[in-house]
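Okay, structure first, notes after.
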Amino acid sequence: MSGCPYFQRKLLSTSKQHLKEDENDDSQSGINKASKGGLIYGDYLQLDKIVTSQVLQSELKGNKIHDEHLFIVTHQAYELWFKQVLWELDSVREIFISGHVRDERNMLKVNTRIHRVVMIFRLLLDQFAVLETMTALDFYDFREYLSPASGFQSLQFRLLENKIGVPHNQRVPYNRRHYRDNFRDQESELLLHSEQEPTLLQLVEQWLERTPGLEEDGFNFWGKLEVNIFKGLRREKENIEQKPASEMKEEMMAELIKQRDIFVSLFDEKRHDHLLSTGQRRLSYKALQGALMIYFYREEPRFQVPFQLLTSLMDIDTLMTKWRYNHVCMVHRMIGSKDGTGGSSGYQYLRSTVSDRYKVFVDLFNLATFLVPREWVPKLDPSEHTFLYMAECCDSSYCSSSSDDSD
Amino acid sequence: MSGCPYLGRKHQLFTSKPSQAEEEDESQKGINKASKGGIVYGEYLQLDKVLSAQVLQSQLKGNKIHDEHLFIVTHQAYELWFKQILWELDSVRDLFIKNHVRDERNMLKVVSRIQRITMIFKLLVEQFAVLETMTALDFFDFREYLSPASGFQSLQFRLLESKIGVADHLRVPYNRRHYRDNFHEHESETLLSSEQEPSLLQLVEQWLERTPGLERDGFNFWGKLQSNIEEGLKMEKHKLEKMEDSEVKQELLEDLNKQSEIFTSLFDPKRHEHLLSKGERRLSYKALQGALMINFYREEPRFQVPFQLLTALMEIDTLMTKWRYNHVCMVHRMIGSKAGTGGSSGYHYLRSTVSDRYKVFVDLFNLATFLVPRAWVPKLNPNVHKFPYMAEWYDSSYNSCSSEDSD
């Protein structure tokens with residue numbers, strides 16, 4: 001027997017009878033609305049455009065190669081999803097740029113959309129496995145017909161990079177030199193705007209600088225933290241010094257000194273500015289403080305969603321670099337050490353982009369360097385520090401059902 | 001420090017002027033070929049068409065809802081991949097229809113393409129997680145603008161079902177009654193052809209009937225299997241009867257009886273015909289024998305790739321039903337018990353399609369009912385039986401680098 005519960009339930013001795021029973025089932029009732037006119041599926045999705053845009057170059061050139069269809073469809077699917085990511089990204093940037101993010105009721109939307117971008121990137125990562133069903137041999141059969149088309153010419157990919165916050169001067173040389181070459185007129189303008197308009201990184205930076213609790217004449221998180229950390233380190237030192245001399249004691253001392261140096265660097269604003277200029281840090285000193293504040297107090301009601309946002313931003317970086325690496329591995333398998341169709345060195349070039357240069361929210365990752373025992377975190381007093389559980393809802397244009405804000 | 005090897009290595013040299021060493025790195029060499037003319041990425045992929053096909057109904061009607069874009073792009077991505085699946089499916093069907101499959105050198109191509117289809121289906125099942133980032137509340141905001149468009153009107157989905165081998169008379173009633181209604185003229189013709197032309201199921205059935213070793217005046221697998229099983233069951237029965245009377249002995253004897261009945265049914269062609277007429281079996285009796293043969297002798301060189309094919313076909317069924325169930329769960333969350341935009345009962349209708357009626361290769365799954373101890377499988381003698389290691393490859397049109405066969 002087939003084992004299907006639905007099937008057995010309806011199974012009677014003749015085929016006609018079993019059909020009759022089916023017909024009375026409520027789940028099968030209904031009419032077909034499409035026959036009454038109105039928008040149908042294919043028109044809604046403009047499938048006439050989508051499903052007719054697969055033209056094989058190998059076929060045009062009289063040597064149709066089967067696997068080229070997969071190559072085309074895979075890239076088109078990537079570009080569809082890039083468009084979706086840009087849609088979400090731009091809507092979030094707009095919420096920051098317009099100042100609407102100051103009304104904390106908008107944080108759910110921001111968080112949800114950034115998380116959606118993360119989910120899409122996960123899918124894009126999984127998508128490599130489909131293209132990997134093509135062998136290098138099959139790719140070789142049609143690759144010659146593609147030149148000089150190359151993923152290097154993907155406008156949406158560049159817009160994505162720029163709008164998230166990849167800085168121009170950090171791009172690897174070949175990338176930096178040539179990535180604008182491919183785009184003219186309107187595309188070139190779009191690209192230029194994406195470099196000039198506020199990036200997600202810059203907007204998040206400004207938002208972090210506004211983190212409640214940083215005010216020196218208020219909670220003064222940074223000042224309190226510095227005091228607590230060095231007090232804590234001093235106590236540790238005394239603890240260790242009391243121990244009898246031994247190799248272990250020396251190692252512990254050395255460890256402590258290393259720790260101390262790390263924290264000294266944390267509270268050295270000049271050092272931060274130096275690292276900013278070399279591109280090793282990307283956020284302002286104040287924004288860094290805001291991020292650390294949100295980390296340490298993430299369970300306070302006001303910081304819960306902001307903490308989720310910081311986590312999602314790191315997820316984006318992680319997934320983008322995994323995407324780059326998956327791409328590298330696949331390209332290596334497909335073309336070995338040959339040059340790319342667009343003119344780059346191919347695999348070697350791509351490998352150089354799997355680098356922290358392209359990690360936009362690198363500072364958030366590095367915060368893990370500065371974690372401290374819970375007791376060193378400045379204590380909060382709920383009766384005094386109300387900012388931890390009182391949100392701001394000051395945006396007069398905010399209306400959860402307003403169509404204006406629906407973007 | 002950021003910890004990135006590339007950045008660390010170059011960081012001392014990293015001032016606003018790009019360093020000499022960096023620029024001279026081999027990986028950064030290359031020119032930009034696109035500037036010299038020739039097809040570029042965007043043209044190759046007809047991105048002007050693909051990326052201009054997202055028109056929000058909510059926006060047209062003056063109430064732009066942000067999440068509608070995700071809804072559109074998700075469905076368009078599904079349709080792109082449906083096209084790819086149809087491309088692979090038709091090419092495989094063609095190999096069978098043209099009899100090229102009789103040249104066993106074509107089997108690698110067949111299996112690779114069917115496996116590629118399963119990889120795509122895996123991605124399509126994973127894709128639900130992206131659309132699930134939309135809440136029912138957000139969907140409610142724009143759903144009214146979609147009516148009567150519905151996934152029920154997806155032509156490619158129906159073509160897929162028909163070409164794999166979903167039987168018209170086995171479709172659930174609402175499906176059976178209405179699924180043709182949406183398609184007119186050219187689309188309707190395409191749909192009709194897909195129902196009339198040989199489906200994958202029918203082609204695989206004919207191929208299975210040709211499995212070497214079934215010939216009664218040859219190896220006579222079926223005759224030998226039947227006598228081995230009868231012999232084996234008799235011996236088991238004698239062993240059991242020699243046991244001391246006990247509850248365990250009774251249970252074991254009952255189990256043996258059940259087993260005997262199962263095998264009696266296996267060797268009863270009339271019973272098979274009866275189950276065929278009810279739709280509980282889909283393959284011919286001879287094809288079933290071929291499938292069992294391939295299963296038992298899967299390690300013989302000639303049957304290794306055919307065995308992979310049978311596994312991949314079951315994978316397709318499994319993934320399609322998982323796709324249906326994922327869809328059901330999501331729809332339930334999105335619209336509860338409301339009717340579908342296309343006119344069906346919605347969730348209840350969809351749930352009824354998660355059924356073995358739509359399991360095309362159900363017989364391959366059920367082969368597991370008839371597995372026997374290795375010792376009962378008819379023995380092969382390599383001196384006498386050459387067919388397990390000698391392939392046929394007489395297709396005169398076969399040419400591994402021929403462009404004609406490249407489809």
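Each chain of the structure tokens is named A, B, ... in the order shown, its residues numbered from 1; ligands are numbered from 1 in display order.
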Subject >> Members of stretch 205-234 of chain A assigned helix (DSSP H, G or I) by DSSP, as a PyMOL selection string >> reply: chain A and resi 205-209+221-234
**OP:** Please provide as a list in words all residues within 10 Å of B:Trp376, with the sequence filter that same-chain residues fewer than 3 positions apart are discarded (counting only C-alpha atoms).
**Re:** Lys224, Leu225, Gln226, Ser227, Asn228, Ile229, Glu230, Glu231, Gly232, Leu233, Leu371, Val372, Pro373 and Lys379 of chain B
Original post:
Skipping near chain neighbours, those fewer than 3 positions away, what residues fall within 7 Å of stretch 372-385 of chain A using only C-alpha atoms, listed as a ChimeraX atom specification?
Top reply: /A:224-225,228-229,232,388
Mind running stretch 73-183 of chain B against stretch 126-150 of chain A at 7 Å and telling me each contacting residue's nearest atom pair with the distance in Å (one decimal), counting only C-alpha atoms, chain and number ascending, as a tab-separated table?
residue	atom	partner	partner_atom	distance
B:Arg116	CA	A:Thr133	CA	6.0
B:Met119	CA	A:Val130	CA	5.6
B:Ile120	CA	A:Val130	CA	6.0
B:Leu123	CA	A:Gln127	CA	6.6
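Of the listed residues (A:Leu201, A:Ile95, A:Leu159, A:Ile120), A:Ile120 comes nearest to B:Leu70; the distances count only C-alpha atoms.
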**OP:** Go through B:Gly343, B:Ile85, B:Pro388, B:Asp317 and flag the residue nearest B:Gln153, using only C-alpha atoms for the distances.
**Re:** B:Gly343
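Shortest atom-to-atom contact with A:Gly42 among B:Ala149, B:Leu108, B:Ile39, B:Leu86: B:Ala149, counting only C-alpha atoms.
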**OP:** Find the residues of chain B in contact range of chain A, meaning any atom within 6 Å when counting only C-alpha atoms, and list them as a PyMOL selection string.
**Re:** chain B and resi 4+27-28+30-34+39-41+46+49-50+53+63+65-66+77+116+119-120+130+148-150+153+173-174+342-345+348-349+356+403+406-407
Subject >> Exercise: B:Asp141 partners within 12 Å, only C-alpha atoms, chain neighbours under 2 positions left out, as a ChimeraX atom specification >> reply: /A:400-403,406 /B:57-59,63-68,134-139,143-146,334-335
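Atom CA of A:Ile262 sits 23.9 Å away from atom CA of A:Lys243.
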